[in-house]
$ cat input-v9.csv   # CSV, C-alpha atoms
chain,number,residue,atom,x,y,z
A,1,MET,CA,0.0,0.0,0.0
A,2,GLY,CA,1.3,3.5,-0.9
A,3,PHE,CA,1.6,6.1,1.8
A,4,LYS,CA,1.5,9.6,0.4
A,5,CYS,CA,2.2,12.3,3.0
A,6,GLY,CA,2.0,16.0,2.2
A,7,ILE,CA,4.4,18.3,4.0
A,8,VAL,CA,2.6,21.6,4.7
A,9,GLY,CA,3.1,24.6,6.9
A,10,LEU,CA,3.6,28.4,6.7
A,11,PRO,CA,6.5,29.7,4.6
A,12,ASN,CA,10.0,29.5,6.2
A,13,VAL,CA,9.2,26.8,8.8
A,14,GLY,CA,11.7,24.3,7.4
A,15,LYS,CA,9.4,22.3,5.1
A,16,SER,CA,11.8,22.0,2.2
A,17,THR,CA,14.8,21.5,4.4
A,18,LEU,CA,13.0,18.6,6.0
A,19,PHE,CA,11.9,17.2,2.6
A,20,ASN,CA,15.5,17.4,1.3
A,21,ALA,CA,16.6,15.5,4.4
A,22,LEU,CA,13.9,12.9,4.1
A,23,THR,CA,14.5,12.1,0.5
A,24,GLN,CA,18.3,12.7,0.6
A,25,THR,CA,18.0,15.0,-2.4
A,26,ALA,CA,18.3,18.6,-3.1
A,27,ALA,CA,15.3,18.6,-5.4
A,28,ALA,CA,13.4,21.1,-3.3
A,29,GLN,CA,14.9,24.6,-3.0
A,30,ALA,CA,15.3,25.7,0.6
A,31,ALA,CA,15.5,29.5,0.7
A,32,ASN,CA,14.6,32.3,3.1
A,33,TYR,CA,11.6,33.7,1.2
A,34,PRO,CA,8.0,32.7,0.8
A,35,PHE,CA,7.0,30.5,-2.2
A,36,CYS,CA,10.5,29.1,-2.8
A,37,THR,CA,8.6,25.9,-3.5
A,38,ILE,CA,6.1,26.6,-6.4
A,39,GLU,CA,5.4,23.1,-7.6
A,40,PRO,CA,5.1,20.2,-5.2
A,41,ASN,CA,8.2,18.1,-5.1
A,42,VAL,CA,7.7,14.4,-4.7
A,43,GLY,CA,10.2,12.0,-3.2
A,44,ASP,CA,10.2,8.3,-2.2
A,45,VAL,CA,12.0,7.2,0.9
A,46,ALA,CA,12.8,3.6,2.0
A,47,VAL,CA,11.4,2.6,5.3
A,48,PRO,CA,14.1,1.4,7.6
A,49,ASP,CA,13.2,-1.9,9.3
A,50,GLU,CA,15.8,-4.0,11.1
A,51,ARG,CA,13.5,-7.0,10.8
A,52,LEU,CA,14.0,-7.0,7.0
A,53,ASP,CA,17.8,-7.2,7.4
A,54,GLN,CA,17.5,-10.1,9.8
A,55,LEU,CA,15.2,-12.0,7.5
A,56,ALA,CA,17.5,-11.4,4.5
A,57,ARG,CA,20.5,-12.8,6.4
A,58,ILE,CA,18.6,-15.9,7.5
A,59,GLY,CA,17.0,-16.5,4.1
A,60,GLY,CA,20.2,-15.9,2.2
A,61,SER,CA,18.5,-13.3,0.1
A,62,ALA,CA,20.6,-11.7,-2.7
A,63,GLN,CA,18.6,-8.4,-2.5
A,64,ILE,CA,16.8,-6.4,0.2
A,65,ILE,CA,13.8,-4.3,-0.9
A,66,PRO,CA,12.2,-2.2,1.8
A,67,THR,CA,8.8,-0.7,1.5
A,68,ARG,CA,8.7,2.9,0.6
A,69,LEU,CA,6.8,6.1,1.6
A,70,THR,CA,6.1,9.0,-0.6
A,71,PHE,CA,6.5,12.6,0.7
A,72,VAL,CA,5.2,15.6,-1.2
A,73,ASP,CA,6.7,19.0,-0.4
A,74,ILE,CA,3.8,21.5,-0.8
A,75,ALA,CA,4.5,25.2,-1.0
A,76,GLY,CA,3.8,27.3,2.1
A,77,LEU,CA,0.3,28.4,2.8
A,78,VAL,CA,-0.5,31.9,4.0
A,79,ARG,CA,-3.5,33.6,5.7
A,80,GLY,CA,-6.2,33.9,3.1
A,81,ALA,CA,-5.2,30.8,1.1
A,82,ALA,CA,-8.8,29.6,1.0
A,83,THR,CA,-9.8,32.7,-0.9
A,84,GLY,CA,-6.8,32.5,-3.2
A,85,GLU,CA,-4.1,34.5,-1.4
A,86,GLY,CA,-0.6,33.5,-2.1
A,87,LEU,CA,-1.0,30.5,-4.4
A,88,GLY,CA,-3.7,29.2,-2.3
A,89,ASN,CA,-6.0,27.3,-4.7
A,90,GLN,CA,-3.1,25.5,-6.2
A,91,PHE,CA,-1.7,24.5,-2.9
A,92,LEU,CA,-5.0,23.4,-1.5
A,93,GLY,CA,-5.5,21.2,-4.5
A,94,ASN,CA,-2.2,19.5,-3.9
A,95,ILE,CA,-3.2,18.7,-0.3
A,96,ARG,CA,-6.3,17.0,-1.5
A,97,GLU,CA,-4.2,14.4,-3.3
A,98,VAL,CA,-2.3,13.1,-0.2
A,99,ASP,CA,-3.4,10.5,2.4
A,100,ALA,CA,-2.1,12.4,5.4
A,101,ILE,CA,-0.7,15.7,6.4
A,102,ALA,CA,2.7,16.3,8.0
A,103,HIS,CA,2.3,19.8,9.4
A,104,VAL,CA,5.7,21.3,10.0
A,105,VAL,CA,5.6,23.8,12.8
A,106,ARG,CA,8.4,26.3,13.5
A,107,CYS,CA,9.5,25.7,17.1
A,108,PHE,CA,12.8,27.6,16.9
A,109,GLU,CA,14.0,31.2,17.1
A,110,ASP,CA,16.4,32.5,14.5
A,111,GLY,CA,16.7,36.2,13.6
A,112,ASP,CA,18.2,35.3,10.2
A,113,VAL,CA,15.1,33.3,9.2
A,114,THR,CA,12.1,35.6,8.8
A,115,HIS,CA,8.6,34.5,9.9
A,116,VAL,CA,5.9,35.4,7.5
A,117,GLU,CA,3.8,36.9,10.3
A,118,GLY,CA,6.6,38.4,12.3
A,119,ARG,CA,6.5,36.2,15.4
A,120,ILE,CA,7.3,32.8,16.7
A,121,ASP,CA,4.0,31.2,17.9
A,122,PRO,CA,3.6,27.5,16.8
A,123,ILE,CA,0.0,27.3,18.1
A,124,ALA,CA,-1.0,30.4,16.2
A,125,ASP,CA,0.7,28.9,13.1
A,126,ILE,CA,-1.2,25.7,13.5
A,127,GLU,CA,-4.5,27.6,13.8
A,128,THR,CA,-3.7,29.7,10.7
A,129,ILE,CA,-3.2,26.6,8.6
A,130,GLU,CA,-6.2,24.8,10.1
A,131,THR,CA,-8.4,27.8,9.6
A,132,GLU,CA,-7.6,28.0,5.9
A,133,LEU,CA,-8.2,24.3,5.4
A,134,MET,CA,-11.5,24.5,7.3
A,135,LEU,CA,-12.6,27.5,5.2
A,136,ALA,CA,-11.8,25.6,2.0
A,137,ASP,CA,-13.8,22.6,3.2
A,138,LEU,CA,-16.7,24.8,4.3
A,139,ASP,CA,-16.8,26.4,0.8
A,140,SER,CA,-16.5,23.0,-0.9
A,141,LEU,CA,-19.4,21.4,1.1
A,142,GLU,CA,-21.7,24.4,0.9
A,143,ARG,CA,-21.4,24.4,-2.9
A,144,ARG,CA,-22.7,20.8,-2.9
A,145,VAL,CA,-25.7,21.1,-0.6
A,146,ALA,CA,-28.3,22.4,-3.1
A,147,ALA,CA,-27.6,19.7,-5.7
A,148,LEU,CA,-27.6,16.9,-3.0
A,149,GLU,CA,-30.9,18.2,-1.5
A,150,LYS,CA,-32.5,18.2,-5.0
A,151,LYS,CA,-31.4,14.6,-5.6
A,152,ALA,CA,-32.4,13.5,-2.1
A,153,ARG,CA,-35.9,14.8,-2.7
A,154,GLY,CA,-36.0,12.7,-5.8
A,155,ALA,CA,-35.5,9.5,-3.6
A,156,ASP,CA,-31.8,9.2,-4.6
A,157,LYS,CA,-30.6,7.0,-1.7
A,158,GLU,CA,-26.9,7.7,-2.3
A,159,ALA,CA,-27.5,11.5,-2.4
A,160,LYS,CA,-29.5,11.3,0.8
A,161,GLU,CA,-26.7,9.4,2.6
A,162,THR,CA,-24.1,11.8,1.3
A,163,LEU,CA,-26.1,14.8,2.3
A,164,GLU,CA,-26.4,13.5,5.9
A,165,LEU,CA,-22.6,13.2,6.0
A,166,VAL,CA,-22.1,16.7,4.5
A,167,GLN,CA,-24.5,18.2,7.0
A,168,ARG,CA,-22.7,16.5,9.9
A,169,ALA,CA,-19.4,17.8,8.7
A,170,LEU,CA,-20.8,21.3,8.2
A,171,VAL,CA,-22.0,21.5,11.8
A,172,LEU,CA,-18.4,21.0,12.9
A,173,LEU,CA,-16.8,23.3,10.4
A,174,ARG,CA,-19.2,26.1,11.2
A,175,GLU,CA,-18.1,25.7,14.8
A,176,GLY,CA,-14.5,26.0,13.8
A,177,LYS,CA,-13.7,22.3,14.2
A,178,PRO,CA,-12.0,20.1,11.6
A,179,ALA,CA,-14.0,17.6,9.6
A,180,ARG,CA,-12.0,14.6,11.0
A,181,LEU,CA,-14.0,15.0,14.2
A,182,THR,CA,-17.2,14.0,12.3
A,183,ASP,CA,-18.9,10.9,13.7
A,184,VAL,CA,-18.6,8.4,10.9
A,185,SER,CA,-19.5,4.7,11.1
A,186,ALA,CA,-17.4,2.0,9.4
A,187,ASP,CA,-20.1,1.7,6.7
A,188,GLU,CA,-19.9,5.4,6.0
A,189,ALA,CA,-16.1,5.7,6.0
A,190,LYS,CA,-15.7,5.2,2.2
A,191,ARG,CA,-18.4,7.6,1.3
A,192,PHE,CA,-17.0,10.2,3.7
A,193,GLY,CA,-13.6,9.8,2.2
A,194,MET,CA,-15.0,10.6,-1.2
A,195,LEU,CA,-15.9,14.1,0.0
A,196,GLN,CA,-12.1,14.7,-0.2
A,197,LEU,CA,-12.1,17.1,2.8
A,198,LEU,CA,-8.8,18.6,3.7
A,199,THR,CA,-9.5,18.6,7.5
A,200,ALA,CA,-10.6,15.0,7.4
A,201,LYS,CA,-7.1,13.9,6.7
A,202,PRO,CA,-5.0,12.6,9.7
A,203,VAL,CA,-2.4,15.1,10.9
A,204,LEU,CA,1.1,14.6,12.1
A,205,TYR,CA,2.7,17.6,13.7
A,206,VAL,CA,6.4,17.9,13.0
A,207,CYS,CA,8.0,20.2,15.6
A,208,ASN,CA,11.1,21.7,13.9
A,209,VAL,CA,13.4,22.7,16.7
A,210,GLU,CA,16.9,24.1,16.9
A,211,GLU,CA,19.8,21.7,17.0
A,212,ALA,CA,20.3,21.8,20.8
A,213,SER,CA,16.6,20.7,21.4
A,214,ALA,CA,16.6,17.8,18.9
A,215,GLY,CA,16.5,15.2,21.6
A,216,ALA,CA,14.1,16.6,24.3
A,217,GLY,CA,12.4,19.4,22.5
A,218,ASN,CA,11.8,22.9,23.9
A,219,GLY,CA,9.0,25.0,25.3
A,220,TYR,CA,7.5,25.6,21.9
A,221,SER,CA,7.4,21.9,21.0
A,222,THR,CA,5.9,21.1,24.4
A,223,LYS,CA,2.9,23.3,23.5
A,224,VAL,CA,2.5,21.5,20.2
A,225,MET,CA,2.7,18.1,21.9
A,226,GLU,CA,-0.1,19.1,24.2
A,227,ARG,CA,-2.2,20.4,21.3
A,228,ALA,CA,-1.7,17.1,19.5
A,229,ARG,CA,-2.7,15.1,22.6
A,230,GLN,CA,-5.9,17.1,23.0
A,231,GLU,CA,-6.8,16.5,19.3
A,232,GLY,CA,-5.9,12.8,19.4
A,233,ALA,CA,-3.2,13.6,16.7
A,234,VAL,CA,0.4,12.6,16.5
A,235,ALA,CA,3.5,14.8,17.0
A,236,VAL,CA,7.2,14.3,16.7
A,237,VAL,CA,10.2,16.5,17.4
A,238,VAL,CA,13.0,16.8,14.8
A,239,SER,CA,15.7,19.3,13.8
A,240,ALA,CA,15.4,19.7,10.1
A,241,LYS,CA,18.9,21.2,10.1
A,242,ILE,CA,20.4,18.1,11.8
A,243,GLU,CA,18.4,15.8,9.5
A,244,SER,CA,19.8,17.6,6.4
A,245,GLU,CA,23.4,17.2,7.8
A,246,ILE,CA,22.8,13.5,8.5
A,247,ALA,CA,21.3,12.9,5.1
A,248,VAL,CA,24.5,13.7,3.2
A,249,LEU,CA,26.7,11.4,5.4
A,250,PRO,CA,27.7,7.9,4.4
A,251,ALA,CA,25.7,5.3,6.4
A,252,VAL,CA,28.8,4.3,8.4
A,253,GLU,CA,29.3,7.9,9.6
A,254,GLN,CA,25.7,8.6,10.5
A,255,LYS,CA,25.8,6.4,13.6
A,256,ASP,CA,28.9,8.3,14.9
A,257,TYR,CA,27.3,11.6,14.2
A,258,LEU,CA,24.1,10.7,16.0
A,259,GLU,CA,26.1,9.4,19.0
A,260,ALA,CA,28.1,12.6,19.1
A,261,ILE,CA,24.9,14.7,19.5
A,262,GLU,CA,23.3,12.1,21.8
A,263,LEU,CA,20.5,11.0,19.5
A,264,SER,CA,19.7,7.3,19.1
A,265,GLU,CA,18.3,7.5,15.5
A,266,PRO,CA,17.5,9.9,12.7
A,267,GLY,CA,14.3,11.9,12.9
A,268,LEU,CA,13.2,10.2,9.7
A,269,ASN,CA,12.7,7.0,11.7
A,270,ARG,CA,10.4,8.8,14.2
A,271,ILE,CA,8.4,10.4,11.4
A,272,ILE,CA,7.9,7.0,9.7
A,273,ARG,CA,6.8,5.4,12.9
A,274,ALA,CA,4.4,8.3,13.6
A,275,GLY,CA,3.1,7.9,10.0
A,276,TYR,CA,2.4,4.3,10.5
A,277,GLN,CA,0.6,5.0,13.7
A,278,LEU,CA,-1.3,7.7,12.0
A,279,LEU,CA,-2.6,5.6,9.2
A,280,ASP,CA,-2.7,2.3,11.1
A,281,LEU,CA,-0.3,0.6,8.8
A,282,VAL,CA,1.5,-2.8,9.3
A,283,THR,CA,4.3,-4.6,7.4
A,284,TYR,CA,4.5,-8.1,6.2
A,285,PHE,CA,7.5,-9.8,4.5
A,286,THR,CA,8.3,-12.1,1.6
A,287,VAL,CA,11.6,-13.9,1.8
A,288,GLY,CA,13.5,-16.0,-0.8
A,289,PRO,CA,16.9,-16.5,-2.3
A,290,LYS,CA,16.4,-13.7,-4.8
A,291,GLU,CA,15.1,-11.1,-2.4
A,292,ALA,CA,13.7,-10.2,1.0
A,293,ARG,CA,11.0,-7.7,0.6
A,294,ALA,CA,8.7,-5.6,2.9
A,295,TRP,CA,5.1,-4.8,2.0
A,296,THR,CA,2.8,-2.2,3.7
A,297,ILE,CA,-0.9,-2.8,4.3
A,298,THR,CA,-3.5,-1.3,6.6
A,299,ARG,CA,-4.2,-3.1,9.8
A,300,ASN,CA,-6.9,-5.8,9.7
A,301,THR,CA,-6.2,-6.5,6.0
A,302,ARG,CA,-7.1,-10.1,5.1
A,303,ALA,CA,-4.7,-12.4,3.3
A,304,PRO,CA,-6.2,-12.2,-0.3
A,305,GLN,CA,-6.1,-8.4,-0.2
A,306,ALA,CA,-2.5,-8.5,1.2
A,307,ALA,CA,-1.6,-10.7,-1.7
A,308,GLY,CA,-3.1,-8.2,-4.0
A,309,VAL,CA,-0.6,-5.6,-3.0
A,310,ILE,CA,2.0,-7.8,-4.7
A,311,HIS,CA,-0.1,-8.4,-7.8
A,312,SER,CA,-3.8,-8.4,-8.6
A,313,ASP,CA,-3.6,-12.0,-9.9
A,314,PHE,CA,-2.5,-13.1,-6.4
A,315,GLU,CA,-5.7,-11.8,-5.0
A,316,LYS,CA,-8.0,-13.0,-7.7
A,317,GLY,CA,-6.6,-16.6,-7.6
A,318,PHE,CA,-5.8,-16.7,-3.9
A,319,ILE,CA,-5.8,-20.2,-2.4
A,320,ARG,CA,-4.0,-19.9,0.9
A,321,SER,CA,-1.0,-18.3,2.5
A,322,GLU,CA,1.9,-20.1,4.1
A,323,THR,CA,2.4,-18.0,7.2
A,324,ILE,CA,5.3,-17.7,9.8
A,325,ALA,CA,5.4,-15.1,12.5
A,326,PHE,CA,8.6,-13.0,12.4
A,327,ALA,CA,9.7,-14.2,15.8
A,328,ASP,CA,9.3,-17.9,14.8
A,329,TYR,CA,11.1,-17.3,11.5
A,330,VAL,CA,14.1,-15.9,13.5
A,331,ALA,CA,13.9,-18.4,16.4
A,332,TYR,CA,13.9,-21.4,14.0
A,333,ALA,CA,16.4,-20.0,11.5
A,334,GLY,CA,14.1,-19.8,8.5
A,335,GLU,CA,11.3,-21.4,6.7
A,336,ALA,CA,12.5,-25.0,7.0
A,337,GLY,CA,13.2,-24.8,10.7
A,338,ALA,CA,9.8,-23.1,11.3
A,339,ARG,CA,8.1,-25.8,9.3
A,340,ASP,CA,9.8,-28.6,11.2
A,341,ALA,CA,8.8,-27.0,14.5
A,342,GLY,CA,5.2,-26.8,13.4
A,343,LYS,CA,5.3,-23.0,13.3
A,344,LEU,CA,4.4,-22.7,9.6
A,345,ARG,CA,0.6,-22.2,9.3
A,346,LEU,CA,-1.7,-22.5,6.3
A,347,GLU,CA,-4.2,-19.6,6.4
A,348,GLY,CA,-7.2,-19.1,4.2
A,349,LYS,CA,-9.2,-16.2,2.9
A,350,GLU,CA,-10.4,-14.9,6.3
A,351,TYR,CA,-7.0,-14.7,7.8
A,352,VAL,CA,-6.1,-11.2,9.0
A,353,VAL,CA,-2.4,-10.5,8.3
A,354,ALA,CA,-0.4,-9.6,11.4
A,355,ASP,CA,2.5,-7.1,11.5
A,356,GLY,CA,5.8,-9.0,10.9
A,357,ASP,CA,4.2,-12.0,9.2
A,358,VAL,CA,6.4,-13.8,6.7
A,359,LEU,CA,4.1,-15.0,3.9
A,360,HIS,CA,4.2,-17.1,0.8
A,361,PHE,CA,1.1,-17.0,-1.2
A,362,ARG,CA,-0.4,-19.9,-3.1
A,363,PHE,CA,-2.7,-18.9,-6.0
A,364,ALA,CA,-4.4,-20.4,-9.1
A,365,ASN,CA,-3.5,-18.9,-12.5

$ encode --input "input-v9.csv" --output "structure tokens"
Amino acid sequence: MGFKCGIVGLPNVGKSTLFNALTQTAAAQAANYPFCTIEPNVGDVAVPDERLDQLARIGGSAQIIPTRLTFVDIAGLVRGAATGEGLGNQFLGNIREVDAIAHVVRCFEDGDVTHVEGRIDPIADIETIETELMLADLDSLERRVAALEKKARGADKEAKETLELVQRALVLLREGKPARLTDVSADEAKRFGMLQLLTAKPVLYVCNVEEASAGAGNGYSTKVMERARQEGAVAVVVSAKIESEIAVLPAVEQKDYLEAIELSEPGLNRIIRAGYQLLDLVTYFTVGPKEARAWTITRNTRAPQAAGVIHSDFEKGFIRSETIAFADYVAYAGEAGARDAGKLRLEGKEYVVADGDVLHFRFAN
């Protein structure tokens, strides 16, 4: 499953610096003026997973292929974006195309880096962005009401159900609350998603702090963490400047660099874990002599649909999956040992794939 995360925020908060670090490229221009990013830059990053390396060693795999995440660097929003200020309409359209929002918040002071509103206040910054997204959603939904009401009066069941969702979301938006707080049942989730509401997308707050606060954060990031807790959102602390320095180092030197500044891992790892938590994703593996590979699916995915992530034919012709838990694969030194120990299970169409499962799919052509 693809994971597409849009990096948003006010101008000059460190979005492009973070993007460059995440993707280990210089594709996005990081400069000290608004709108240095005009077109969204897209970059894929490999998801680091120590389990995959272990499986490859045990399985004697010639190649290791991690799962990947996609990040989109979206140009900075400004107050009034919902009515077209800055390059608002274009930017808002880019946000609609992502699965989740990584909201970069400036949590550092630096007189050499100007703030578009002339002050350092991360909560106010969050509210500025959220307000613009809510205004855009409000406008989008209000434009649909008349047509939906007309269809609903004509006994159009789908229109009636959609109208009910729209009205529920409008109540919240008019109260200044994001659409993700709308009470939506499991049966309604797909229809609600089709509304493409900006504030319905899950949010990850990325607190961009100065280098000295990369480990424990600072007073600004503490406020953002509390805000995230109240919202039921996710927040992480990183220093985009440190991440950009780590990104250009050879892998062997990155560990020494991190140890020198008393960090246990790159901020990228924390962002990925937070992203997984945000979208409720899990990983399963396939292991063979040619390659060991990680695959990402949503939690509670059944085996046929998990197989479909590899190829649609696997899902269509699914017969069963040979399944070994990660811990058993390691404990018994691979597939043969796990099989001999009775730890290889044959699972059918109703099996819900667990995080870390090592799978081999049987299917009919």

$ residues_around --input "input-v9.csv" --residues "range 157-165 of chain A" --least-positions-apart "4" --cutoff "8 Å" --atoms "only C-alpha atoms" --output "list in words"
Val145, Leu148, Glu149, Lys151, Ala152, Ala169, Val184, Arg191 and Phe192 of chain A

$ closest_residue --input "input-v9.csv" --among "A:His360, A:Lys343, A:Lys349, A:His311" --to "Gly288 in chain A" --atoms "all atoms listed in the file"
A:His360

$ atom_distance --input "input-v9.csv" --atom1 "CA of Asp125 in chain A" --atom2 "CA of Val13 in chain A"
9.8 Å

$ closest_residue --input "input-v9.csv" --among "A:Arg174, A:Arg153, A:Arg51, A:Arg227" --to "Glu127 in chain A" --atoms "only C-alpha atoms"
A:Arg227

$ closest_residue --input "input-v9.csv" --among "A:Leu55, A:Ile101, A:Val287, A:Leu195" --to "Ala333 in chain A" --atoms "only C-alpha atoms"
A:Leu55

$ residues_around --input "input-v9.csv" --residues "Gly275 in chain A" --least-positions-apart "4" --cutoff "8 Å" --atoms "all atoms listed in the file" --output "PyMOL selection string"
chain A and resi 204+271+279

$ atom_distance --input "input-v9.csv" --atom1 "CA of Gly6 in chain A" --atom2 "CA of Val206 in chain A"
11.8 Å

$ closest_residue --input "input-v9.csv" --among "A:Pro122, A:Gly176, A:Pro11, A:Gly337" --to "Asn208 in chain A" --atoms "only C-alpha atoms"
A:Pro122

$ atom_distance --input "input-v9.csv" --atom1 "CA of Val352 in chain A" --atom2 "CA of Tyr284 in chain A"
11.4 Å

$ residues_around --input "input-v9.csv" --residues "range 315-330 of chain A" --least-positions-apart "6" --cutoff "10 Å" --atoms "all atoms listed in the file" --output "PDB file with C-alpha atoms, keeping the file's coordinate frame"
ATOM      1  CA  ARG A  51      13.500  -7.000  10.800  1.00  0.00           C
ATOM      2  CA  LEU A  52      14.000  -7.000   7.000  1.00  0.00           C
ATOM      3  CA  GLN A  54      17.500 -10.100   9.800  1.00  0.00           C
ATOM      4  CA  LEU A  55      15.200 -12.000   7.500  1.00  0.00           C
ATOM      5  CA  ILE A  58      18.600 -15.900   7.500  1.00  0.00           C
ATOM      6  CA  GLY A  59      17.000 -16.500   4.100  1.00  0.00           C
ATOM      7  CA  TYR A 284       4.500  -8.100   6.200  1.00  0.00           C
ATOM      8  CA  PHE A 285       7.500  -9.800   4.500  1.00  0.00           C
ATOM      9  CA  ALA A 303      -4.700 -12.400   3.300  1.00  0.00           C
ATOM     10  CA  PRO A 304      -6.200 -12.200  -0.300  1.00  0.00           C
ATOM     11  CA  GLN A 305      -6.100  -8.400  -0.200  1.00  0.00           C
ATOM     12  CA  ALA A 306      -2.500  -8.500   1.200  1.00  0.00           C
ATOM     13  CA  ALA A 307      -1.600 -10.700  -1.700  1.00  0.00           C
ATOM     14  CA  GLY A 308      -3.100  -8.200  -4.000  1.00  0.00           C
ATOM     15  CA  VAL A 309      -0.600  -5.600  -3.000  1.00  0.00           C
ATOM     16  CA  ALA A 336      12.500 -25.000   7.000  1.00  0.00           C
ATOM     17  CA  GLY A 337      13.200 -24.800  10.700  1.00  0.00           C
ATOM     18  CA  ALA A 338       9.800 -23.100  11.300  1.00  0.00           C
ATOM     19  CA  ARG A 339       8.100 -25.800   9.300  1.00  0.00           C
ATOM     20  CA  ALA A 341       8.800 -27.000  14.500  1.00  0.00           C
ATOM     21  CA  GLY A 342       5.200 -26.800  13.400  1.00  0.00           C
ATOM     22  CA  LYS A 343       5.300 -23.000  13.300  1.00  0.00           C
ATOM     23  CA  LEU A 344       4.400 -22.700   9.600  1.00  0.00           C
ATOM     24  CA  ARG A 345       0.600 -22.200   9.300  1.00  0.00           C
ATOM     25  CA  LEU A 346      -1.700 -22.500   6.300  1.00  0.00           C
ATOM     26  CA  GLU A 347      -4.200 -19.600   6.400  1.00  0.00           C
ATOM     27  CA  GLY A 348      -7.200 -19.100   4.200  1.00  0.00           C
ATOM     28  CA  LYS A 349      -9.200 -16.200   2.900  1.00  0.00           C
ATOM     29  CA  GLU A 350     -10.400 -14.900   6.300  1.00  0.00           C
ATOM     30  CA  TYR A 351      -7.000 -14.700   7.800  1.00  0.00           C
ATOM     31  CA  VAL A 353      -2.400 -10.500   8.300  1.00  0.00           C
ATOM     32  CA  ALA A 354      -0.400  -9.600  11.400  1.00  0.00           C
ATOM     33  CA  ASP A 355       2.500  -7.100  11.500  1.00  0.00           C
ATOM     34  CA  GLY A 356       5.800  -9.000  10.900  1.00  0.00           C
ATOM     35  CA  ASP A 357       4.200 -12.000   9.200  1.00  0.00           C
ATOM     36  CA  VAL A 358       6.400 -13.800   6.700  1.00  0.00           C
ATOM     37  CA  LEU A 359       4.100 -15.000   3.900  1.00  0.00           C
ATOM     38  CA  HIS A 360       4.200 -17.100   0.800  1.00  0.00           C
ATOM     39  CA  PHE A 361       1.100 -17.000  -1.200  1.00  0.00           C
ATOM     40  CA  ARG A 362      -0.400 -19.900  -3.100  1.00  0.00           C
ATOM     41  CA  PHE A 363      -2.700 -18.900  -6.000  1.00  0.00           C
ATOM     42  CA  ALA A 364      -4.400 -20.400  -9.100  1.00  0.00           C
ATOM     43  CA  ASN A 365      -3.500 -18.900 -12.500  1.00  0.00           C
TER      44      ASN A 365
END

$ residues_near_point --input "input-v9.csv" --point "(12.0, -8.4, -3.5)" --cutoff "9 Å" --atoms "all atoms listed in the file" --output "VMD selection string"
chain A and resid 61 63 to 66 286 to 288 290 to 294

$ closest_residue --input "input-v9.csv" --among "A:Ala251, A:Ile246, A:Val166, A:Leu278" --to "Gln196 in chain A" --atoms "all atoms listed in the file"
A:Val166

$ closest_residue --input "input-v9.csv" --among "A:Val203, A:Val47, A:Leu198, A:Val105" --to "Leu18 in chain A" --atoms "all atoms listed in the file"
A:Val105

$ residues_around --input "input-v9.csv" --residues "Asn269 in chain A" --least-positions-apart "2" --cutoff "10 Å" --atoms "all atoms listed in the file" --output "PyMOL selection string"
chain A and resi 22+47-49+265-267+271-275

$ residues_around --input "input-v9.csv" --residues "Thr70 in chain A" --least-positions-apart "2" --cutoff "6 Å" --atoms "all atoms listed in the file" --output "ChimeraX atom specification"
/A:3-4,43-44
